[in-house]
Amino acid sequence: QVQLVESGGGSVQAGGSLNVSCSASAFVLNWYCMAWFRQVPGKEREGVAYNSVGGGTTVYADSVEGRFTLSRDNSKNTLNLQMNSLLLEDTAMYYCAAKFGRDCSRDAAFISRTYAHWGQGTQVTVSS
């Protein structure tokens, strides 16, 4: 069964850094296009960073461009999101997601309904 498990969330002060990871089981993560989304209560899930199959193309939301870095560790079958210069508004539940096939396009990078597999989320809290 395809499974994604996030880890690494926590609490940090504004300006600090966190690294969240997504571990995949029962499938080879590098064969899928992957993304990180985040959500706060009462708001829609928001795309943060996207990576095409094999990691060839990476897209970031404007709100995190220059602060967040998405990477894959194929040896560990994990997807990582390094978050630097964290802001209060980065506080959210962070989810990783996977999909493949024709939905793997730059245009669909942050369309959550196109993703077939989701993790359970990891909480990131940024405080002043």
# chains A, B, ... in the order shown; residues from 1 in each chain; ligands from 1
>>> closest_atom_pairs(of="segment 57-76 of chain A", to="segment 34-49 of chain A", cutoff="6 Å", atoms="only C-alpha atoms", output="CSV")
residue,atom,partner,partner_atom,distance
A:Val59,CA,A:Ala49,CA,5.6
A:Tyr60,CA,A:Ala49,CA,4.4
A:Ala61,CA,A:Val48,CA,5.1
>>> write_last_selection(atoms="N, CA and C atoms", output="PDB file, in the first residue's frame")
ATOM      1  N   VAL A  59       9.130  24.048  -8.520  1.00  0.00           N
ATOM      2  CA  VAL A  59       8.329  25.275  -8.508  1.00  0.00           C
ATOM      3  C   VAL A  59       8.014  25.617  -7.062  1.00  0.00           C
ATOM      4  N   TYR A  60       8.139  26.874  -6.723  1.00  0.00           N
ATOM      5  CA  TYR A  60       7.823  27.339  -5.376  1.00  0.00           C
ATOM      6  C   TYR A  60       6.694  28.357  -5.429  1.00  0.00           C
ATOM      7  N   ALA A  61       5.891  28.345  -4.396  1.00  0.00           N
ATOM      8  CA  ALA A  61       4.915  29.414  -4.236  1.00  0.00           C
ATOM      9  C   ALA A  61       5.663  30.724  -3.997  1.00  0.00           C
TER      10      ALA A  61
END
>>> residues_around(residues="segment 63-73 of chain A", least_positions_apart="3", cutoff="12 Å", atoms="only C-alpha atoms", output="PyMOL selection string")
chain A and resi 15-24+28-38+46-60+76-87+89-90+96
>>> select_by_dssp(residues="segment 36-98 of chain A", states="helix (DSSP H, G or I)", output="number ranges by chain")
A: 53-55, 88-90
>>> select_by_dssp(residues="segment 24-125 of chain A", states="strand (DSSP E)", output="MDAnalysis selection string")
chainID A and resid 24:25 33:39 46:51 58:60 68:73 78:83 92:99 117:118 122:125
>>> closest_residue(among="A:Gln13, A:Gln123, A:Ser128, A:Gln3", to="Ala92 of chain A", atoms="only C-alpha atoms")
A:Gln123
